[in-house]
$ cat coords.cif   # mmCIF, C-alpha atoms
data_start
#
loop_
_atom_site.label_atom_id
_atom_site.label_comp_id
_atom_site.auth_asym_id
_atom_site.auth_seq_id
_atom_site.Cartn_x
_atom_site.Cartn_y
_atom_site.Cartn_z
CA MET A 30 -116.77 263.60 76.32
CA LYS A 31 -116.25 262.01 79.70
CA VAL A 32 -115.47 264.68 82.29
CA ILE A 33 -114.69 264.02 85.94
CA LEU A 34 -115.47 267.02 88.09
CA GLY A 35 -113.69 267.75 91.35
CA ILE A 36 -116.81 268.20 93.45
CA SER A 37 -116.07 269.88 96.77
CA GLY A 38 -119.47 270.18 98.35
CA GLY A 39 -119.59 273.90 97.59
CA VAL A 40 -121.91 275.85 95.33
CA ASP A 41 -119.33 276.55 92.60
CA SER A 42 -118.47 272.94 91.79
CA SER A 43 -122.17 272.05 92.11
CA VAL A 44 -123.10 274.51 89.36
CA ALA A 45 -120.09 273.39 87.32
CA ALA A 46 -121.78 269.98 87.23
CA ILE A 47 -124.99 271.55 85.89
CA LEU A 48 -123.10 273.43 83.18
CA LEU A 49 -121.16 270.34 82.13
CA LYS A 50 -124.36 268.31 81.82
CA GLU A 51 -126.03 271.09 79.83
CA ALA A 52 -123.04 271.04 77.47
CA GLY A 53 -123.74 267.36 76.79
CA HIS A 54 -120.76 265.84 78.59
CA ASP A 55 -120.76 262.49 80.38
CA VAL A 56 -120.15 263.84 83.89
CA GLU A 57 -118.95 262.11 87.04
CA GLY A 58 -117.98 263.69 90.36
CA MET A 59 -114.92 263.00 92.51
CA PHE A 60 -114.59 264.27 96.08
CA MET A 61 -111.02 264.82 97.30
CA GLN A 62 -110.23 264.45 100.99
CA ASN A 63 -106.93 266.21 101.53
CA TRP A 64 -106.70 266.24 105.32
CA GLU A 65 -107.18 263.60 108.01
CA GLU A 66 -109.39 264.87 110.80
CA ASP A 67 -108.74 263.97 114.43
CA ASP A 68 -109.41 265.55 117.81
CA ARG A 69 -106.95 268.38 117.31
CA ASN A 70 -107.86 268.94 113.66
CA GLY A 71 -111.63 268.84 114.05
CA PRO A 72 -112.58 272.20 112.48
CA CYS A 73 -111.92 270.86 108.98
CA THR A 74 -115.33 270.38 107.36
CA ALA A 75 -114.46 267.45 105.10
CA ASP A 76 -117.23 265.18 106.40
CA THR A 77 -119.95 267.80 105.89
CA ASP A 78 -118.56 268.73 102.49
CA ARG A 79 -118.51 265.10 101.39
CA LYS A 80 -122.16 264.65 102.38
CA ASP A 81 -123.08 267.77 100.41
CA ALA A 82 -121.11 266.51 97.39
CA VAL A 83 -122.94 263.16 97.54
CA ALA A 84 -126.27 264.98 97.75
CA VAL A 85 -125.49 267.15 94.72
CA CYS A 86 -124.43 264.15 92.63
CA GLY A 87 -127.58 262.33 93.68
CA ARG A 88 -129.76 265.29 92.80
CA LEU A 89 -128.16 265.64 89.36
CA GLY A 90 -127.96 261.90 88.70
CA ILE A 91 -124.22 261.68 88.17
CA PRO A 92 -121.87 258.97 89.53
CA PHE A 93 -119.90 259.83 92.67
CA HIS A 94 -116.32 258.84 93.49
CA ALA A 95 -114.23 259.64 96.56
CA ARG A 96 -110.48 259.60 96.98
CA ASN A 97 -108.29 260.22 100.01
CA PHE A 98 -105.25 262.30 99.05
CA ALA A 99 -104.23 263.16 102.64
CA SER A 100 -100.86 261.43 102.33
CA GLU A 101 -100.06 263.20 99.07
CA TYR A 102 -101.22 266.50 100.57
CA TRP A 103 -99.00 266.10 103.62
CA ASP A 104 -95.92 265.27 101.54
CA GLY A 105 -96.54 267.71 98.68
CA VAL A 106 -98.11 270.69 100.46
CA PHE A 107 -98.14 270.61 104.25
CA ALA A 108 -94.47 269.68 104.76
CA TYR A 109 -93.51 272.64 102.56
CA PHE A 110 -95.98 274.86 104.45
CA LEU A 111 -94.26 274.05 107.78
CA ALA A 112 -90.74 274.40 106.39
CA GLU A 113 -91.52 277.84 104.99
CA TYR A 114 -92.99 279.10 108.26
CA ALA A 115 -90.02 277.69 110.18
CA ALA A 116 -87.75 279.71 107.86
CA GLY A 117 -89.70 282.91 108.61
CA ARG A 118 -91.56 283.08 105.30
CA THR A 119 -95.33 283.10 104.67
CA PRO A 120 -96.23 280.40 102.10
CA ASN A 121 -99.35 280.15 99.98
CA PRO A 122 -100.52 276.52 100.24
CA ASP A 123 -103.41 277.04 97.80
CA VAL A 124 -100.97 277.52 94.91
CA LEU A 125 -99.12 274.34 95.81
CA CYS A 126 -102.34 272.39 96.40
CA ASN A 127 -103.53 273.24 92.91
CA ARG A 128 -100.25 272.21 91.32
CA GLU A 129 -99.58 269.06 93.34
CA ILE A 130 -103.05 267.76 94.24
CA LYS A 131 -105.94 269.10 92.15
CA PHE A 132 -104.13 269.23 88.83
CA LYS A 133 -101.71 266.36 89.34
CA THR A 134 -102.93 263.65 91.74
CA PHE A 135 -106.62 264.26 90.99
CA LEU A 136 -105.93 264.46 87.26
CA GLU A 137 -104.10 261.11 87.36
CA HIS A 138 -106.93 259.40 89.25
CA ALA A 139 -109.55 260.88 86.93
CA GLN A 140 -107.67 259.72 83.84
CA ALA A 141 -107.40 256.25 85.37
CA LEU A 142 -111.21 256.23 85.40
CA GLY A 143 -111.29 257.10 81.71
CA ALA A 144 -111.74 260.87 81.92
CA GLU A 145 -110.92 262.83 78.78
CA LYS A 146 -110.99 266.04 80.78
CA ILE A 147 -111.25 267.14 84.39
CA ALA A 148 -113.18 270.14 85.66
CA THR A 149 -113.25 272.18 88.85
CA GLY A 150 -115.28 275.04 90.29
CA HIS A 151 -112.45 277.56 90.00
CA TYR A 152 -113.22 281.03 88.66
CA ALA A 153 -110.87 281.15 85.69
CA ARG A 154 -110.95 280.43 81.95
CA VAL A 155 -108.86 278.43 79.48
CA ASP A 156 -108.61 278.97 75.75
CA PHE A 157 -106.40 277.72 72.91
CA HIS A 158 -104.72 280.53 70.99
CA GLU A 159 -101.98 280.44 68.37
CA GLY A 160 -100.94 276.90 69.19
CA ARG A 161 -100.96 277.04 72.99
CA TYR A 162 -103.33 277.04 75.93
CA ARG A 163 -103.83 280.24 77.89
CA LEU A 164 -105.06 280.77 81.44
CA LEU A 165 -107.40 283.75 81.47
CA ARG A 166 -109.09 285.70 84.23
CA ALA A 167 -112.68 284.81 85.06
CA VAL A 168 -115.57 286.84 83.70
CA ASP A 169 -116.39 287.77 87.31
CA ALA A 170 -113.31 289.85 88.16
CA ALA A 171 -114.21 289.94 91.86
CA LYS A 172 -114.07 286.13 92.08
CA ASP A 173 -111.16 285.48 89.70
CA GLN A 174 -108.82 282.75 91.00
CA SER A 175 -106.16 282.74 88.31
CA TYR A 176 -103.69 283.95 90.97
CA PHE A 177 -103.89 280.53 92.63
CA LEU A 178 -103.63 278.69 89.30
CA HIS A 179 -100.54 280.40 87.89
CA ALA A 180 -98.30 277.35 88.51
CA LEU A 181 -100.21 275.19 86.00
CA GLY A 182 -98.73 274.29 82.63
CA GLN A 183 -99.79 273.32 79.14
CA ASN A 184 -100.56 269.69 79.96
CA GLN A 185 -102.85 270.58 82.86
CA LEU A 186 -104.69 273.31 80.98
CA ALA A 187 -105.16 271.03 77.96
CA ALA A 188 -106.99 268.58 80.23
CA THR A 189 -109.06 271.08 82.23
CA LEU A 190 -112.42 272.83 82.05
CA PHE A 191 -113.49 275.74 84.27
CA PRO A 192 -117.26 275.98 83.68
CA VAL A 193 -118.10 278.74 86.18
CA GLY A 194 -115.28 280.95 84.93
CA GLU A 195 -117.61 282.10 82.16
CA ILE A 196 -120.37 283.43 84.48
CA GLU A 197 -120.70 285.68 87.51
CA LYS A 198 -121.21 284.52 91.08
CA PRO A 199 -124.82 285.78 91.48
CA VAL A 200 -125.75 283.70 88.42
CA VAL A 201 -124.07 280.68 90.01
CA ARG A 202 -126.16 281.11 93.15
CA GLU A 203 -129.35 281.51 91.16
CA MET A 204 -128.64 278.43 89.03
CA ALA A 205 -128.05 276.36 92.18
CA ARG A 206 -131.28 277.66 93.74
CA ALA A 207 -133.31 276.98 90.58
CA ALA A 208 -131.94 273.43 90.47
CA GLU A 209 -132.84 272.99 94.15
CA LEU A 210 -129.30 271.99 95.01
CA PRO A 211 -128.58 271.67 98.75
CA THR A 212 -125.52 273.89 98.33
CA HIS A 213 -127.31 276.91 96.86
CA ALA A 214 -127.05 279.01 100.05
CA LYS A 215 -123.83 277.49 101.43
CA LYS A 216 -121.21 280.03 102.48
CA ASP A 217 -118.04 280.20 100.42
CA SER A 218 -115.12 278.47 102.09
CA THR A 219 -112.31 280.73 103.25
CA GLY A 220 -108.82 280.08 104.52
CA ILE A 221 -107.13 276.71 104.71
CA CYS A 222 -109.08 273.54 105.48
CA PHE A 223 -106.60 272.14 107.96
CA ILE A 224 -106.77 275.28 110.10
CA GLY A 225 -110.52 275.85 109.97
CA GLU A 226 -112.02 278.45 112.29
CA ARG A 227 -109.46 278.18 115.08
CA ASP A 228 -106.66 280.58 115.94
CA PHE A 229 -103.85 280.29 113.40
CA ARG A 230 -101.05 280.73 115.92
CA SER A 231 -102.45 277.97 118.16
CA PHE A 232 -102.62 275.62 115.19
CA LEU A 233 -99.08 276.35 114.04
CA ALA A 234 -97.74 275.94 117.59
CA GLN A 235 -98.75 272.27 117.46
CA TYR A 236 -96.04 271.74 114.82
CA LEU A 237 -93.64 274.66 115.44
CA PRO A 238 -93.27 275.23 119.21
CA ALA A 239 -93.13 278.76 120.60
CA ARG A 240 -89.72 280.43 120.75
CA PRO A 241 -90.14 283.76 122.54
CA GLY A 242 -87.84 286.64 121.74
CA GLN A 243 -87.53 290.40 121.61
CA MET A 244 -89.81 292.70 119.66
CA LEU A 245 -87.74 295.73 118.59
CA SER A 246 -88.42 299.03 116.88
CA PRO A 247 -86.29 299.85 113.81
CA GLU A 248 -84.29 302.12 116.11
CA GLY A 249 -83.42 299.14 118.32
CA GLU A 250 -85.70 299.93 121.26
CA VAL A 251 -87.31 296.95 123.00
CA ILE A 252 -91.07 297.24 122.45
CA GLY A 253 -92.21 293.90 123.82
CA GLU A 254 -91.84 290.13 123.51
CA HIS A 255 -93.01 287.88 120.67
CA GLN A 256 -93.84 284.18 120.87
CA GLY A 257 -91.88 283.15 117.78
CA VAL A 258 -91.13 285.06 114.57
CA MET A 259 -92.70 282.27 112.48
CA TYR A 260 -96.12 283.13 113.89
CA TYR A 261 -96.16 286.63 112.36
CA THR A 262 -96.32 288.02 108.85
CA LEU A 263 -95.31 291.37 107.35
CA GLY A 264 -97.93 294.05 107.74
CA GLN A 265 -99.65 292.21 110.59
CA ARG A 266 -101.34 294.47 113.12
CA ASN A 267 -103.48 292.22 115.30
CA GLY A 268 -102.10 289.88 117.93
CA LEU A 269 -98.91 291.80 118.72
CA GLY A 270 -99.87 292.46 122.33
CA ILE A 271 -98.27 295.91 122.43
CA GLY A 272 -100.00 298.18 124.90
CA GLY A 273 -100.08 301.96 124.91
CA ARG A 274 -96.71 303.60 125.54
CA ARG A 275 -96.42 307.02 127.09
CA ASP A 276 -93.33 307.91 125.04
CA MET A 277 -94.81 306.89 121.68
CA SER A 278 -97.58 308.16 119.38
CA GLY A 279 -100.99 306.54 119.54
CA HIS A 280 -100.63 304.91 116.11
CA ALA A 281 -101.05 301.16 115.78
CA TRP A 282 -98.00 298.88 115.55
CA TYR A 283 -97.24 296.68 112.54
CA VAL A 284 -94.76 293.91 111.80
CA VAL A 285 -92.11 295.32 109.44
CA GLY A 286 -89.35 292.70 109.55
CA LYS A 287 -88.19 289.34 110.89
CA ASP A 288 -84.72 288.08 111.76
CA VAL A 289 -85.13 284.32 112.16
CA GLU A 290 -81.49 283.66 113.05
CA LYS A 291 -81.46 286.21 115.89
CA ASN A 292 -85.12 285.55 116.75
CA ILE A 293 -86.05 289.24 116.53
CA LEU A 294 -89.37 290.65 115.35
CA TYR A 295 -89.24 294.25 114.13
CA VAL A 296 -92.29 296.47 114.55
CA ALA A 297 -93.07 300.08 113.66
CA GLN A 298 -96.00 302.42 114.08
CA GLY A 299 -98.41 303.43 111.32
CA GLY A 300 -99.90 301.31 108.55
CA GLU A 301 -98.16 303.33 105.85
CA ASN A 302 -94.73 303.60 107.44
CA ALA A 303 -91.66 303.54 105.19
CA TRP A 304 -90.43 300.26 106.70
CA LEU A 305 -93.24 298.36 104.97
CA HIS A 306 -92.73 299.70 101.44
CA SER A 307 -90.66 298.41 98.53
CA THR A 308 -90.37 298.97 94.79
CA ARG A 309 -88.25 295.93 93.84
CA LEU A 310 -88.49 292.22 94.51
CA HIS A 311 -86.56 289.08 93.66
CA ALA A 312 -88.52 285.88 93.00
CA THR A 313 -87.43 282.26 92.62
CA ASP A 314 -89.03 279.16 91.09
CA ALA A 315 -90.27 281.09 88.07
CA HIS A 316 -92.97 279.29 86.13
CA TRP A 317 -94.38 280.18 82.71
CA ILE A 318 -97.76 278.84 81.64
CA ALA A 319 -96.69 278.99 78.00
CA GLY A 320 -93.50 277.07 78.81
CA GLN A 321 -91.27 280.10 78.35
CA PRO A 322 -91.36 283.82 79.21
CA PRO A 323 -92.62 286.40 76.69
CA GLY A 324 -89.13 287.92 76.72
CA MET A 325 -86.04 288.31 78.88
CA SER A 326 -87.22 291.76 79.90
CA PHE A 327 -90.79 292.96 79.48
CA ARG A 328 -93.56 295.14 80.84
CA CYS A 329 -96.67 293.66 82.41
CA THR A 330 -98.78 293.90 85.56
CA ALA A 331 -98.37 291.85 88.72
CA LYS A 332 -100.09 290.89 91.94
CA THR A 333 -98.12 290.11 95.09
CA ARG A 334 -101.26 288.93 96.94
CA TYR A 335 -104.72 287.73 96.04
CA ARG A 336 -107.32 290.47 95.35
CA GLN A 337 -104.65 293.11 94.95
CA ALA A 338 -105.24 295.53 92.08
CA ASP A 339 -102.89 295.04 89.12
CA GLN A 340 -99.56 296.82 89.58
CA ALA A 341 -97.54 297.99 86.58
CA CYS A 342 -93.98 296.68 86.56
CA THR A 343 -90.92 295.68 84.55
CA VAL A 344 -89.79 292.05 84.74
CA THR A 345 -86.26 290.83 84.04
CA VAL A 346 -85.75 287.08 83.70
CA HIS A 347 -82.60 285.32 84.91
CA GLY A 348 -83.04 281.58 84.35
CA ASN A 349 -85.61 280.47 86.91
CA THR A 350 -85.48 283.71 88.90
CA LEU A 351 -87.14 287.08 88.35
CA ASP A 352 -86.24 290.65 89.22
CA ILE A 353 -89.30 292.90 89.23
CA VAL A 354 -89.38 296.68 89.51
CA PHE A 355 -92.74 298.31 90.20
CA ASP A 356 -93.78 301.71 88.92
CA ASP A 357 -95.20 302.53 92.36
CA ALA A 358 -94.12 301.52 95.86
CA GLN A 359 -95.79 298.36 97.19
CA ARG A 360 -96.90 297.75 100.76
CA ALA A 361 -95.97 294.63 102.77
CA VAL A 362 -94.66 292.50 99.92
CA THR A 363 -94.10 289.21 101.74
CA PRO A 364 -91.40 286.56 101.13
CA GLY A 365 -92.96 283.14 100.57
CA GLN A 366 -96.02 284.53 98.83
CA SER A 367 -96.50 284.38 95.06
CA VAL A 368 -95.95 287.17 92.59
CA VAL A 369 -98.25 286.50 89.63
CA LEU A 370 -97.84 288.19 86.24
CA TYR A 371 -100.52 289.27 83.77
CA ASP A 372 -100.79 290.60 80.24
CA GLY A 373 -104.30 291.99 80.19
CA GLN A 374 -106.68 289.05 80.69
CA GLU A 375 -103.93 286.44 80.34
CA CYS A 376 -102.05 285.04 83.33
CA LEU A 377 -98.43 284.54 82.26
CA GLY A 378 -97.14 282.69 85.33
CA GLY A 379 -95.18 283.83 88.33
CA GLY A 380 -92.74 282.91 91.06
CA VAL A 381 -92.16 282.80 94.82
CA ILE A 382 -91.14 286.09 96.43
CA ALA A 383 -87.69 285.67 98.00
CA ALA A 384 -86.64 289.22 98.90
CA THR A 385 -87.57 292.89 98.47
CA ASP A 386 -85.81 296.24 98.80
CA ALA A 387 -87.83 297.15 101.88
CA PRO A 388 -85.50 297.99 104.81
CA TYR A 389 -85.79 294.45 106.21
CA GLY A 390 -86.53 292.80 102.87
CA GLY A 391 -83.07 291.31 102.33
CA LEU A 392 -82.52 292.67 98.81
CA THR A 393 -79.33 294.66 98.34
CA ALA A 394 -79.20 297.83 96.27
CA PRO A 395 -78.83 297.31 92.49
#
$ encode --input "coords.cif" --output "structure tokens"
Amino acid sequence: MKVILGISGGVDSSVAAILLKEAGHDVEGMFMQNWEEDDRNGPCTADTDRKDAVAVCGRLGIPFHARNFASEYWDGVFAYFLAEYAAGRTPNPDVLCNREIKFKTFLEHAQALGAEKIATGHYARVDFHEGRYRLLRAVDAAKDQSYFLHALGQNQLAATLFPVGEIEKPVVREMARAAELPTHAKKDSTGICFIGERDFRSFLAQYLPARPGQMLSPEGEVIGEHQGVMYYTLGQRNGLGIGGRRDMSGHAWYVVGKDVEKNILYVAQGGENAWLHSTRLHATDAHWIAGQPPGMSFRCTAKTRYRQADQACTVTVHGNTLDIVFDDAQRAVTPGQSVVLYDGQECLGGGVIAATDAPYGGLTAP
């Protein structure tokens, strides 16, 4: 069938092209530019990535297309990103980018070119089981990206292939090297394109100006001054600018809470302090890959951040919100991030963390 591959200029999508061709598909590549570069946004590597994508398509003899989705990205992802930070939360733009850009805008453009399916270089798997599509973890557990794909639904999964989800990363590298692809030794991209290698706080300050305020201990003692609560995230240790204090222990300081309205940043000493821990969370914008939850109350495992080990929990569904109780206390569960639910290898869906029962988490006692 005709498959249009989202080719990023990285090694994973490059090898996805090889696998699709080996499977006998009629393959074409499409490069997505999601950010407009200018003098202040230079670290984004879109130009280099596009050249690498063109080179891979040329090497493999597949047609190349390019589309600029920067406007859609700004409206559907970046505006939300800024609004969340301004509200004191820590959003995950990769989840939104997948839902709004790669599996919506890109899918529409690919279908307009006659694609029967789209494909990407994500490490995940899709199967069809008992009348519905399932999102499964990748074979390579260390590279699995189902966490970032949990907001997809039946229509997107029905139209999507994840070729590299069936193999491990060292095999991907070796396949790219054997095919003499220019991306075979290219480093994996990390972080968010529009921030690049520069300091995150400096980037955010271009859109959300500094608003200095007090940095307090949980006991109310003034510890220092922050530059704006939106620049910090729960559990953060670096960049606090707190020097040694004669009347305190020598343990490092961590962000344990934020009061946006009063412009106060709360900090405490020790990476395992009680102020960072919670056992319950409330999530909004619940999404189910199957179209509905497996029950109104059920047991499963969850991740509150990428690469976290699975955590056993009980989920209670209330319309489009979730109440989740973990078997064990969780560290630095962060509002704005995603909580993603699993049943073994299957990703069930998830939601956006709104509050926890940590001391500054905003969730009242049951």
$ resolve_selection --input "coords.cif" --expression "the PyMOL selection byres ((chain A and resi 243) around 12)" --output "JSON list (two decimals) with C-alpha atoms, keeping the file's coordinate frame"
[["chain", "number", "residue", "atom", "x", "y", "z"],
["A", 240, "ARG", "CA", -89.72, 280.43, 120.75],
["A", 241, "PRO", "CA", -90.14, 283.76, 122.54],
["A", 242, "GLY", "CA", -87.84, 286.64, 121.74],
["A", 244, "MET", "CA", -89.81, 292.70, 119.66],
["A", 245, "LEU", "CA", -87.74, 295.73, 118.59],
["A", 246, "SER", "CA", -88.42, 299.03, 116.88],
["A", 249, "GLY", "CA", -83.42, 299.14, 118.32],
["A", 250, "GLU", "CA", -85.70, 299.93, 121.26],
["A", 251, "VAL", "CA", -87.31, 296.95, 123.00],
["A", 252, "ILE", "CA", -91.07, 297.24, 122.45],
["A", 253, "GLY", "CA", -92.21, 293.90, 123.82],
["A", 254, "GLU", "CA", -91.84, 290.13, 123.51],
["A", 255, "HIS", "CA", -93.01, 287.88, 120.67],
["A", 256, "GLN", "CA", -93.84, 284.18, 120.87],
["A", 257, "GLY", "CA", -91.88, 283.15, 117.78],
["A", 258, "VAL", "CA", -91.13, 285.06, 114.57],
["A", 269, "LEU", "CA", -98.91, 291.80, 118.72],
["A", 287, "LYS", "CA", -88.19, 289.34, 110.89],
["A", 288, "ASP", "CA", -84.72, 288.08, 111.76],
["A", 289, "VAL", "CA", -85.13, 284.32, 112.16],
["A", 291, "LYS", "CA", -81.46, 286.21, 115.89],
["A", 292, "ASN", "CA", -85.12, 285.55, 116.75],
["A", 293, "ILE", "CA", -86.05, 289.24, 116.53],
["A", 294, "LEU", "CA", -89.37, 290.65, 115.35],
["A", 295, "TYR", "CA", -89.24, 294.25, 114.13],
["A", 296, "VAL", "CA", -92.29, 296.47, 114.55]]
$ atom_distance --input "coords.cif" --atom1 "atom CA of Ser100 of chain A" --atom2 "atom CA of His151 of chain A"
23.4 Å
$ resolve_selection --input "coords.cif" --expression "the PyMOL selection byres ((chain A and resi 154) around 6)" --output "JSON, numbers by chain"
{"A": [153, 155, 164, 165, 167, 191, 194]}
$ resolve_selection --input "coords.cif" --expression "the PyMOL selection byres ((chain A and resi 298) around 10)" --output "PyMOL selection string"
chain A and resi 246+266+277-285+296-297+299-304
$ closest_residue --input "coords.cif" --among "A:Pro122, A:Gly39, A:Gly105, A:Gly390" --to "Leu178 of chain A" --atoms "only C-alpha atoms"
A:Pro122
$ residues_near_point --input "coords.cif" --point "(-103.3, 263.3, 97.2)" --cutoff "12 Å" --atoms "all atoms listed in the file" --output "short mmCIF file (atom, residue, chain, number, x, y, z; two decimals) with C-alpha atoms, keeping the file's coordinate frame"
data_model
loop_
_atom_site.label_atom_id
_atom_site.label_comp_id
_atom_site.auth_asym_id
_atom_site.auth_seq_id
_atom_site.Cartn_x
_atom_site.Cartn_y
_atom_site.Cartn_z
CA PHE A 60 -114.59 264.27 96.08
CA MET A 61 -111.02 264.82 97.30
CA GLN A 62 -110.23 264.45 100.99
CA ASN A 63 -106.93 266.21 101.53
CA TRP A 64 -106.70 266.24 105.32
CA GLU A 65 -107.18 263.60 108.01
CA ALA A 95 -114.23 259.64 96.56
CA ARG A 96 -110.48 259.60 96.98
CA ASN A 97 -108.29 260.22 100.01
CA PHE A 98 -105.25 262.30 99.05
CA ALA A 99 -104.23 263.16 102.64
CA SER A 100 -100.86 261.43 102.33
CA GLU A 101 -100.06 263.20 99.07
CA TYR A 102 -101.22 266.50 100.57
CA TRP A 103 -99.00 266.10 103.62
CA ASP A 104 -95.92 265.27 101.54
CA GLY A 105 -96.54 267.71 98.68
CA VAL A 106 -98.11 270.69 100.46
CA PHE A 107 -98.14 270.61 104.25
CA LEU A 125 -99.12 274.34 95.81
CA CYS A 126 -102.34 272.39 96.40
CA ASN A 127 -103.53 273.24 92.91
CA ARG A 128 -100.25 272.21 91.32
CA GLU A 129 -99.58 269.06 93.34
CA ILE A 130 -103.05 267.76 94.24
CA LYS A 131 -105.94 269.10 92.15
CA PHE A 132 -104.13 269.23 88.83
CA LYS A 133 -101.71 266.36 89.34
CA THR A 134 -102.93 263.65 91.74
CA PHE A 135 -106.62 264.26 90.99
CA LEU A 136 -105.93 264.46 87.26
CA GLU A 137 -104.10 261.11 87.36
CA HIS A 138 -106.93 259.40 89.25
#
$ closest_residue --input "coords.cif" --among "A:Gly90, A:Ala208, A:Asp123, A:Gln321" --to "Arg161 of chain A" --atoms "all atoms listed in the file"
A:Gln321
$ closest_residue --input "coords.cif" --among "A:Thr212, A:Gly268, A:Gly380, A:Val369" --to "Asp228 of chain A" --atoms "all atoms listed in the file"
A:Gly268
$ atom_distance --input "coords.cif" --atom1 "atom CA of Ile33 of chain A" --atom2 "atom CA of Leu48 of chain A"
12.9 Å
$ atom_distance --input "coords.cif" --atom1 "atom CA of Lys31 of chain A" --atom2 "atom CA of Ala187 of chain A"
14.4 Å
